[in-house]
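Coordinates as given in target_9.txt (compact mmCIF, C-alpha atoms and all ligand atoms):
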# COMPACT_ATOMS: atom_id res chain seq x y z
CA MET Q 1 51.16 25.47 -10.04
CA GLY Q 2 49.97 27.09 -6.88
CA ASP Q 3 46.80 25.02 -6.55
CA ASP Q 4 48.46 21.64 -6.32
CA ALA Q 5 49.12 21.68 -2.60
CA GLN Q 6 45.91 19.86 -1.78
CA GLY Q 7 46.96 16.79 -3.76
CA GLY Q 8 44.42 14.31 -5.11
CA PRO Q 9 43.77 13.04 -8.62
CA ALA Q 10 42.79 16.42 -10.03
CA ALA Q 11 46.05 17.92 -8.80
CA THR Q 12 47.90 15.17 -10.65
CA ILE Q 13 46.14 16.07 -13.87
CA ALA Q 14 46.86 19.75 -13.36
CA ARG Q 15 50.54 19.03 -12.81
CA GLN Q 16 50.76 17.15 -16.11
CA ASP Q 17 49.66 20.35 -17.84
CA VAL Q 18 52.98 22.02 -17.15
CA THR Q 19 54.83 21.17 -20.33
CA PRO Q 20 58.49 22.21 -20.66
CA ALA Q 21 57.28 25.33 -22.49
CA GLY Q 22 55.11 26.20 -19.49
CA GLY Q 23 52.21 28.64 -19.64
CA LEU Q 24 51.94 32.37 -19.16
CA ALA Q 25 51.38 31.86 -15.43
CA GLU Q 26 54.92 30.48 -15.22
CA ALA Q 27 56.57 33.05 -17.53
CA ALA Q 28 59.17 34.75 -15.36
CA ASP Q 29 60.31 37.57 -17.64
CA GLU Q 30 59.32 39.59 -20.71
CA ALA Q 31 61.52 37.58 -23.12
CA THR Q 32 59.93 34.30 -22.00
CA ARG Q 33 56.51 35.88 -22.24
CA ALA Q 34 57.17 37.16 -25.76
CA ALA Q 35 58.41 33.71 -26.84
CA LEU Q 36 55.29 32.06 -25.43
CA ILE Q 37 53.00 34.57 -27.14
CA GLU Q 38 54.83 33.88 -30.41
CA ALA Q 39 54.35 30.12 -29.92
CA GLY Q 40 50.62 30.74 -29.57
CA ARG Q 41 50.53 32.87 -32.71
CA VAL Q 42 52.38 30.21 -34.72
CA LEU Q 43 50.03 27.44 -33.57
CA PHE Q 44 46.95 29.34 -34.72
CA ALA Q 45 48.60 30.46 -37.98
CA GLY Q 46 48.55 26.79 -39.03
CA ALA Q 47 45.79 24.84 -40.70
CA CYS Q 48 42.54 24.32 -38.84
CA ALA Q 49 39.87 21.89 -40.00
CA PHE Q 50 36.65 20.27 -38.82
CA VAL Q 51 37.49 16.59 -38.53
CA HIS Q 52 34.80 14.80 -36.58
CA ALA Q 53 31.44 14.97 -34.83
CA ALA Q 54 30.12 12.68 -32.12
CA GLN Q 55 26.59 12.36 -30.77
CA THR Q 56 27.06 9.05 -28.97
CA PRO Q 57 30.04 7.64 -27.03
CA ASP Q 58 30.73 5.03 -29.74
CA GLN Q 59 31.09 7.87 -32.28
CA LEU Q 60 34.02 9.42 -30.39
CA PRO Q 61 37.16 9.35 -32.54
CA PRO Q 62 40.02 7.19 -31.27
CA PRO Q 63 42.15 9.37 -29.00
CA HIS Q 64 45.47 10.37 -30.49
CA GLY Q 65 46.89 13.84 -29.75
CA PRO Q 66 46.15 16.35 -26.98
CA GLU Q 67 42.65 17.85 -26.83
CA VAL Q 68 41.21 20.98 -25.25
CA ALA Q 69 37.44 21.28 -24.92
CA PHE Q 70 35.44 24.55 -24.86
CA ALA Q 71 32.34 24.66 -22.71
CA GLY Q 72 29.98 27.26 -21.29
CA ARG Q 73 26.40 28.44 -21.03
CA SER Q 74 24.46 28.98 -24.24
CA ASN Q 75 25.16 32.47 -25.59
CA VAL Q 76 28.37 32.82 -23.54
CA GLY Q 77 30.25 33.73 -26.73
CA LYS Q 78 31.85 30.36 -27.45
CA SER Q 79 31.40 30.51 -31.24
CA SER Q 80 32.72 34.08 -31.35
CA LEU Q 81 35.73 33.11 -29.22
CA LEU Q 82 36.55 30.09 -31.40
CA ASN Q 83 36.31 32.31 -34.46
CA ALA Q 84 38.55 34.95 -32.88
CA LEU Q 85 41.09 32.31 -31.83
CA THR Q 86 41.33 30.65 -35.21
CA GLY Q 87 40.68 33.72 -37.35
CA ARG Q 88 38.17 31.63 -39.26
CA ARG Q 89 34.43 31.47 -39.38
CA THR Q 90 34.22 27.77 -40.27
CA LEU Q 91 34.41 26.43 -36.72
CA ALA Q 92 31.36 28.25 -35.49
CA ARG Q 93 29.47 27.66 -38.70
CA VAL Q 94 29.90 23.90 -38.34
CA SER Q 95 28.92 23.98 -34.69
CA ALA Q 96 25.86 26.18 -35.28
CA THR Q 97 24.46 23.95 -38.02
CA PRO Q 98 21.03 22.74 -36.87
CA GLY Q 99 21.29 19.24 -35.47
CA ARG Q 100 24.96 19.71 -34.67
CA THR Q 101 24.38 21.78 -31.57
CA LYS Q 102 23.92 18.70 -29.40
CA GLN Q 103 27.14 17.02 -30.40
CA LEU Q 104 30.86 17.26 -29.81
CA ASN Q 105 32.65 18.85 -32.75
CA PHE Q 106 36.37 18.13 -33.19
CA PHE Q 107 38.71 20.53 -34.98
CA ASP Q 108 42.30 19.69 -35.82
CA LEU Q 109 44.81 22.48 -35.38
CA ALA Q 110 47.90 21.87 -37.50
CA GLY Q 111 48.05 18.25 -36.29
CA ARG Q 112 49.25 19.58 -32.93
CA LEU Q 113 46.09 20.11 -30.93
CA THR Q 114 42.43 19.17 -31.23
CA LEU Q 115 39.84 21.76 -30.19
CA VAL Q 116 36.56 20.23 -29.04
CA ASP Q 117 33.41 22.37 -29.15
CA MET Q 118 30.96 21.19 -26.49
CA PRO Q 119 27.23 21.96 -26.56
CA GLY Q 120 26.16 24.98 -24.52
CA TYR Q 121 24.38 24.38 -21.24
CA GLY Q 122 22.10 26.27 -18.93
CA TYR Q 123 19.55 28.21 -20.93
CA ALA Q 124 17.26 27.76 -17.94
CA GLU Q 125 20.08 28.94 -15.65
CA ALA Q 126 19.32 26.05 -13.34
CA ALA Q 127 22.19 23.99 -12.00
CA LYS Q 128 20.43 20.85 -13.18
CA SER Q 129 20.65 22.05 -16.79
CA VAL Q 130 24.36 21.18 -16.74
CA LYS Q 131 23.64 17.63 -15.65
CA GLU Q 132 21.04 17.36 -18.43
CA ALA Q 133 23.31 18.83 -21.10
CA TRP Q 134 26.35 16.86 -20.02
CA GLN Q 135 24.77 13.49 -19.34
CA GLY Q 136 25.49 10.55 -21.62
CA THR Q 137 27.96 11.35 -24.37
CA MET Q 138 29.32 14.56 -22.83
CA PHE Q 139 29.98 12.99 -19.47
CA ALA Q 140 31.45 9.86 -21.06
CA TYR Q 141 33.77 12.13 -23.02
CA LEU Q 142 34.78 14.29 -20.06
CA ARG Q 143 35.40 11.37 -17.74
CA GLY Q 144 36.94 8.86 -20.09
CA ARG Q 145 39.12 10.81 -22.46
CA PRO Q 146 42.80 10.15 -21.75
CA THR Q 147 43.90 12.82 -24.23
CA LEU Q 148 41.71 15.62 -22.81
CA ARG Q 149 44.26 18.02 -21.38
CA ARG Q 150 41.96 20.79 -20.20
CA VAL Q 151 38.44 22.17 -20.44
CA MET Q 152 38.22 25.89 -21.07
CA LEU Q 153 35.11 26.89 -19.12
CA LEU Q 154 33.77 30.15 -20.52
CA ILE Q 155 32.05 32.67 -18.27
CA ASP Q 156 30.26 35.76 -19.60
CA ALA Q 157 32.04 38.68 -17.90
CA ARG Q 158 28.91 40.80 -18.12
CA VAL Q 159 26.61 38.18 -16.64
CA GLY Q 160 28.98 36.66 -14.10
CA PHE Q 161 28.72 33.25 -12.46
CA LYS Q 162 25.31 31.56 -12.63
CA PRO Q 163 24.23 28.43 -10.72
CA ALA Q 164 24.79 26.41 -13.90
CA ASP Q 165 28.42 27.63 -14.05
CA ALA Q 166 29.01 26.65 -10.43
CA ALA Q 167 27.47 23.26 -11.19
CA ALA Q 168 29.75 22.82 -14.21
CA MET Q 169 32.81 23.63 -12.07
CA ALA Q 170 31.71 21.16 -9.38
CA LEU Q 171 31.06 18.47 -11.95
CA LEU Q 172 34.47 18.90 -13.60
CA ASN Q 173 36.16 19.03 -10.22
CA ASP Q 174 34.44 15.87 -8.96
CA ALA Q 175 35.38 14.05 -12.17
CA ALA Q 176 39.00 15.28 -11.77
CA VAL Q 177 38.93 16.98 -15.18
CA ALA Q 178 41.44 19.85 -15.33
CA PHE Q 179 39.74 23.10 -16.31
CA GLN Q 180 40.49 26.80 -16.70
CA LEU Q 181 38.13 29.76 -16.42
CA VAL Q 182 38.01 32.10 -19.42
CA LEU Q 183 35.93 35.26 -19.21
CA THR Q 184 34.24 36.35 -22.44
CA LYS Q 185 32.85 39.72 -23.66
CA ALA Q 186 35.38 41.64 -21.52
CA ASP Q 187 34.78 44.69 -23.75
CA LYS Q 188 31.24 44.93 -22.35
CA VAL Q 189 32.49 45.53 -18.81
CA LYS Q 190 34.28 48.60 -17.44
CA PRO Q 191 37.77 48.10 -15.94
CA ALA Q 192 36.72 48.14 -12.26
CA PRO Q 193 33.89 45.56 -12.50
CA LEU Q 194 36.07 43.50 -14.87
CA ALA Q 195 38.84 43.45 -12.26
CA ALA Q 196 36.26 42.42 -9.68
CA ILE Q 197 34.99 39.47 -11.70
CA VAL Q 198 38.55 38.36 -12.46
CA LEU Q 199 39.20 38.37 -8.70
CA GLU Q 200 36.00 36.42 -8.08
CA ALA Q 201 36.94 33.90 -10.79
CA GLU Q 202 40.42 33.47 -9.27
CA ALA Q 203 38.86 32.84 -5.86
CA ARG Q 204 36.45 30.30 -7.34
CA ALA Q 205 39.37 28.63 -9.16
CA ARG Q 206 41.31 28.37 -5.89
CA ALA Q 207 38.33 26.59 -4.32
CA HIS Q 208 38.55 23.78 -6.93
CA THR Q 209 41.53 21.44 -7.03
CA ALA Q 210 41.02 20.75 -10.76
CA ALA Q 211 40.98 24.44 -11.72
CA HIS Q 212 43.96 26.18 -13.27
CA PRO Q 213 44.91 29.23 -11.17
CA LEU Q 214 45.24 31.59 -14.16
CA VAL Q 215 41.98 33.27 -15.25
CA LEU Q 216 41.94 34.82 -18.72
CA ALA Q 217 39.73 37.77 -19.67
CA THR Q 218 38.98 37.83 -23.39
CA SER Q 219 36.99 39.75 -25.97
CA ALA Q 220 36.18 38.34 -29.39
CA GLU Q 221 35.17 41.89 -30.29
CA THR Q 222 38.44 43.72 -29.53
CA GLY Q 223 40.82 40.74 -29.50
CA ASP Q 224 41.84 41.41 -25.90
CA GLY Q 225 43.22 38.29 -24.23
CA ILE Q 226 43.12 36.23 -27.43
CA ALA Q 227 46.92 36.07 -27.75
CA GLU Q 228 47.15 34.97 -24.11
CA LEU Q 229 44.55 32.25 -24.66
CA ARG Q 230 46.39 31.04 -27.79
CA THR Q 231 49.56 30.90 -25.71
CA GLU Q 232 47.87 28.84 -23.01
CA LEU Q 233 46.62 26.44 -25.69
CA ALA Q 234 50.06 26.24 -27.31
CA SER Q 235 51.50 25.11 -23.98
CA LEU Q 236 49.18 22.07 -24.24
CA ALA Q 237 49.88 21.31 -27.93
CA LEU Q 238 52.38 18.93 -29.46
CA PRO Q 239 55.67 20.67 -30.41
P1 LIG R 301 27.56 30.95 -28.18
O1 LIG R 301 26.12 30.63 -28.13
O2 LIG R 301 28.23 30.65 -26.88
O3 LIG R 301 28.30 30.31 -29.33
O4 LIG R 301 27.68 32.54 -28.33
P2 LIG R 301 27.96 33.46 -29.61
O5 LIG R 301 29.40 33.44 -30.01
O6 LIG R 301 26.96 33.12 -30.68
O7 LIG R 301 27.67 34.91 -28.99
C1 LIG R 301 26.45 35.23 -28.37
C2 LIG R 301 26.21 36.73 -28.49
O8 LIG R 301 27.23 37.44 -27.78
C3 LIG R 301 26.26 37.23 -29.91
O9 LIG R 301 25.31 38.25 -30.06
C4 LIG R 301 27.68 37.79 -30.04
O10 LIG R 301 27.77 38.81 -30.99
C5 LIG R 301 27.94 38.32 -28.65
N1 LIG R 301 29.37 38.27 -28.32
C6 LIG R 301 30.16 37.19 -28.35
N2 LIG R 301 31.42 37.50 -27.98
C7 LIG R 301 31.43 38.82 -27.73
C8 LIG R 301 32.44 39.75 -27.31
O11 LIG R 301 33.61 39.43 -27.08
N3 LIG R 301 32.05 41.05 -27.13
C9 LIG R 301 30.77 41.45 -27.35
N4 LIG R 301 30.50 42.74 -27.13
N5 LIG R 301 29.80 40.62 -27.75
C10 LIG R 301 30.12 39.32 -27.93

Represent the structure contained in this file as structure tokens.
Amino acid sequence: MGDDAQGGPAATIARQDVTPAGGLAEAADEATRAALIEAGRVLFAGACAFVHAAQTPDQLPPPHGPEVAFAGRSNVGKSSLLNALTGRRTLARVSATPGRTKQLNFFDLAGRLTLVDMPGYGYAEAAKSVKEAWQGTMFAYLRGRPTLRRVMLLIDARVGFKPADAAAMALLNDAAVAFQLVLTKADKVKPAPLAAIVLEAEARARAHTAAHPLVLATSAETGDGIAELRTELASLALP
């Protein structure tokens, strides 16, 4: 992991993410890459079920297996991405149910990984909207969850980084929560501006000790980058 040189608690968390299977960032050759992609496909071919919802810290399920949380501004495309990842519409339907938008929704993936859908932040685009959305239960979860392996922080490729996104990155970094930037709606952006926002995201990731160096560009519409994201998630799952 190229971002570990600075040391510190966040670097320690990031280092733990490198399972023996590794991630795509570490894949040296095509055969390794193909095997990793296949591992991602297999993980998401398994059963996926809504298992729990939490609105208050005492409602959080007891930690057991590895968890990956999905966060981002409202309308970033989180529901669409979760649907594209799992090939199911149930995840988003549960999360979009009125009254369930302000809670953490837990989905079990083949008993190997738990996906956690976090409420969207930042309708007002203000940095303080993250603090409001993530106070209380969300912050208790982010800070105190021993099984939380990584937060996938979604950024709308068409909109780019907003103050609320920068605030979310700072908050995760300060709390030493390992996170990775995932661009959404890549199909809406032409190749040159897409390359530019990937470069910007990589630079922003380098500026945060807790950020994973690999930035993924995805489209729920075309499926671009979905296999790579599944692979990344498989590297965090139980065997
Ligand atoms: P959420 O609020 O973060 O869950 O966002 P949604 O998944 O509901 O998506 C918000 C809007 O963006 C919807 O109109 C989606 O159809 C659209 N959208 C989401 N993902 C994509 C994508 O990959 N490509 C395109 N073109 N539109 C997308």

Listed atoms of ligand LIG 301 (chain R) boxed axis-aligned with 4 Å per side, centre + edges as AutoDock Vina command-line options:
--center_x 29.5 --center_y 36.5 --center_z -28.9 --size_x 16.3 --size_y 20.4 --size_z 12.1

- Contacts of Leu36 in chain Q within 6 Å, all atoms listed in the file, excl. fewer than 3 positions in-chain, as a list in words: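 The neighbour list is Arg33, Ala39 and Thr231 of chain Q.
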
- Item | Selected residue of minimal separation from ligand LIG 301 (chain R) among Q:Lys78, Q:Lys102, Q:His212, Q:Arg88, counting all atoms listed in the file |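 Among the listed residues, Q:Lys78 lies closest to ligand LIG 301 (chain R).
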
- Task: Point out the residue among Q:Met118, Q:Leu113, Q:Val51, Q:Ala195 with the least atom-to-atom distance to ligand LIG 301 (chain R), counting all atoms listed in the file.
- Result: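 Closest to ligand LIG 301 (chain R) of all the choices is Q:Met118.
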
- Task: Show me which residues sit within 12 Å of ligand LIG 301 (chain R) when counting all atoms listed in the file, and put them as an MDAnalysis selection string.
- Result: chainID Q and resid 70:85 89 91:97 101 117:123 153:159 182:190 217:226

- Message: Let me make sure I understand: among Q:Gly40, Q:Gly87, Q:Pro193, Q:Gly65, which one has the smallest atom-to-atom distance to Gly160 in chain Q if we use all atoms listed in the file?
- Response: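 That would be Q:Pro193, the residue with the smallest distance to Gly160 in chain Q.
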
- Can you work out the spacing between CA of Ala47 in chain Q and CA of Asp108 in chain Q in Å, to one decimal? 7.9 Å

- Could you please determine the separation between CA of Leu104 in chain Q and CA of Val177 in chain Q in Å, to one decimal place?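 Pair CA of Leu104 in chain Q / CA of Val177 in chain Q returns 16.7 Å.
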
- In Å, rounded to a single decimal, give me how far CA of Leu229 in chain Q is from CA of Leu24 in chain Q.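 CA of Leu229 in chain Q lies at a distance of 9.2 Å from CA of Leu24 in chain Q.
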
- Residues within 10 Å of (43.0, 16.5, -26.4), counting all atoms listed in the file, listed as a list in words: Pro63, His64, Gly65, Pro66, Glu67, Val68, Ala69, Phe106, Asp108, Arg112, Leu113, Thr114, Leu115, Val116, Arg145, Pro146, Thr147, Leu148, Arg149, Arg150, Val151, Leu236 and Ala237 of chain Q

- Considering all atoms listed in the file, state which residue in the set Q:Pro213, Q:Pro62, Q:Gly111, Q:Pro163 is at the smallest distance from Gly144 in chain Q.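 Counting all atoms listed in the file, the residue closest to Gly144 in chain Q is Q:Pro62.
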
- Message: Which residues are near range 201-208 of chain Q? Cut-off 9 Å, only C-alpha atoms, ignore same chain within fewer than 5 positions. Put them as JSON, numbers by chain.
- Response: {"Q": [2, 3, 161, 166, 169, 170, 173, 180, 181, 182, 183, 196, 213, 214, 215]}

- Message: Here is a test: counting all atoms listed in the file, which residue of Q:Ile37, Q:Met152, Q:Ala53, Q:Ala175 is nearest to Phe107 in chain Q?
- Response: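 Of Q:Ile37, Q:Met152, Q:Ala53, Q:Ala175, the one nearest Phe107 in chain Q, counting all atoms listed in the file, is Q:Ala53.
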
- Query: Looking at only C-alpha atoms, which of Q:Leu142, Q:Leu233, Q:Leu216, Q:Ala133 is the one that sits closest to Val198 in chain Q?
  - Reply: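 Counting only C-alpha atoms, the residue closest to Val198 in chain Q is Q:Leu216.
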
Can range 149-169 of chain Q be brought up to N, CA and C atoms and written out as a PDB file, in the coordinates of the input?
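Heads up, here's the output in rebuild_10.pdb:
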ATOM      1  N   ARG Q 149      43.288  17.356 -22.241  1.00  0.00           N
ATOM      2  CA  ARG Q 149      44.260  18.020 -21.380  1.00  0.00           C
ATOM      3  C   ARG Q 149      43.619  19.070 -20.476  1.00  0.00           C
ATOM      4  N   ARG Q 150      42.585  19.730 -21.009  1.00  0.00           N
ATOM      5  CA  ARG Q 150      41.960  20.790 -20.200  1.00  0.00           C
ATOM      6  C   ARG Q 150      40.608  21.176 -20.814  1.00  0.00           C
ATOM      7  N   VAL Q 151      39.696  21.579 -19.969  1.00  0.00           N
ATOM      8  CA  VAL Q 151      38.440  22.170 -20.440  1.00  0.00           C
ATOM      9  C   VAL Q 151      38.514  23.667 -20.186  1.00  0.00           C
ATOM     10  N   MET Q 152      38.315  24.449 -21.226  1.00  0.00           N
ATOM     11  CA  MET Q 152      38.220  25.890 -21.070  1.00  0.00           C
ATOM     12  C   MET Q 152      36.755  26.194 -20.755  1.00  0.00           C
ATOM     13  N   LEU Q 153      36.492  26.616 -19.530  1.00  0.00           N
ATOM     14  CA  LEU Q 153      35.110  26.890 -19.120  1.00  0.00           C
ATOM     15  C   LEU Q 153      34.861  28.393 -19.261  1.00  0.00           C
ATOM     16  N   LEU Q 154      33.996  28.739 -20.201  1.00  0.00           N
ATOM     17  CA  LEU Q 154      33.770  30.150 -20.520  1.00  0.00           C
ATOM     18  C   LEU Q 154      32.685  30.743 -19.624  1.00  0.00           C
ATOM     19  N   ILE Q 155      32.988  31.948 -19.136  1.00  0.00           N
ATOM     20  CA  ILE Q 155      32.050  32.670 -18.270  1.00  0.00           C
ATOM     21  C   ILE Q 155      31.830  34.061 -18.873  1.00  0.00           C
ATOM     22  N   ASP Q 156      30.598  34.448 -19.054  1.00  0.00           N
ATOM     23  CA  ASP Q 156      30.260  35.760 -19.600  1.00  0.00           C
ATOM     24  C   ASP Q 156      30.593  36.831 -18.555  1.00  0.00           C
ATOM     25  N   ALA Q 157      31.578  37.681 -18.883  1.00  0.00           N
ATOM     26  CA  ALA Q 157      32.040  38.680 -17.900  1.00  0.00           C
ATOM     27  C   ALA Q 157      30.930  39.648 -17.512  1.00  0.00           C
ATOM     28  N   ARG Q 158      29.986  39.851 -18.404  1.00  0.00           N
ATOM     29  CA  ARG Q 158      28.910  40.800 -18.120  1.00  0.00           C
ATOM     30  C   ARG Q 158      27.850  40.187 -17.215  1.00  0.00           C
ATOM     31  N   VAL Q 159      27.656  38.889 -17.379  1.00  0.00           N
ATOM     32  CA  VAL Q 159      26.610  38.180 -16.640  1.00  0.00           C
ATOM     33  C   VAL Q 159      27.138  37.649 -15.307  1.00  0.00           C
ATOM     34  N   GLY Q 160      28.387  37.235 -15.308  1.00  0.00           N
ATOM     35  CA  GLY Q 160      28.980  36.660 -14.100  1.00  0.00           C
ATOM     36  C   GLY Q 160      28.632  35.189 -13.927  1.00  0.00           C
ATOM     37  N   PHE Q 161      28.924  34.673 -12.736  1.00  0.00           N
ATOM     38  CA  PHE Q 161      28.720  33.250 -12.460  1.00  0.00           C
ATOM     39  C   PHE Q 161      27.257  32.969 -12.137  1.00  0.00           C
ATOM     40  N   LYS Q 162      26.689  32.009 -12.846  1.00  0.00           N
ATOM     41  CA  LYS Q 162      25.310  31.560 -12.630  1.00  0.00           C
ATOM     42  C   LYS Q 162      25.363  30.189 -11.947  1.00  0.00           C
ATOM     43  N   PRO Q 163      24.234  29.763 -11.347  1.00  0.00           N
ATOM     44  CA  PRO Q 163      24.230  28.430 -10.720  1.00  0.00           C
ATOM     45  C   PRO Q 163      24.709  27.338 -11.671  1.00  0.00           C
ATOM     46  N   ALA Q 164      24.358  27.439 -12.949  1.00  0.00           N
ATOM     47  CA  ALA Q 164      24.790  26.410 -13.900  1.00  0.00           C
ATOM     48  C   ALA Q 164      26.314  26.394 -14.037  1.00  0.00           C
ATOM     49  N   ASP Q 165      26.954  27.563 -13.963  1.00  0.00           N
ATOM     50  CA  ASP Q 165      28.420  27.630 -14.050  1.00  0.00           C
ATOM     51  C   ASP Q 165      29.060  26.981 -12.820  1.00  0.00           C
ATOM     52  N   ALA Q 166      28.491  27.270 -11.653  1.00  0.00           N
ATOM     53  CA  ALA Q 166      29.010  26.650 -10.430  1.00  0.00           C
ATOM     54  C   ALA Q 166      28.838  25.134 -10.496  1.00  0.00           C
ATOM     55  N   ALA Q 167      27.711  24.699 -11.053  1.00  0.00           N
ATOM     56  CA  ALA Q 167      27.470  23.260 -11.190  1.00  0.00           C
ATOM     57  C   ALA Q 167      28.467  22.622 -12.153  1.00  0.00           C
ATOM     58  N   ALA Q 168      28.780  23.337 -13.241  1.00  0.00           N
ATOM     59  CA  ALA Q 168      29.750  22.820 -14.210  1.00  0.00           C
ATOM     60  C   ALA Q 168      31.130  22.687 -13.556  1.00  0.00           C
ATOM     61  N   MET Q 169      31.514  23.689 -12.761  1.00  0.00           N
ATOM     62  CA  MET Q 169      32.810  23.630 -12.070  1.00  0.00           C
ATOM     63  C   MET Q 169      32.849  22.455 -11.097  1.00  0.00           C
TER      64      MET Q 169
END
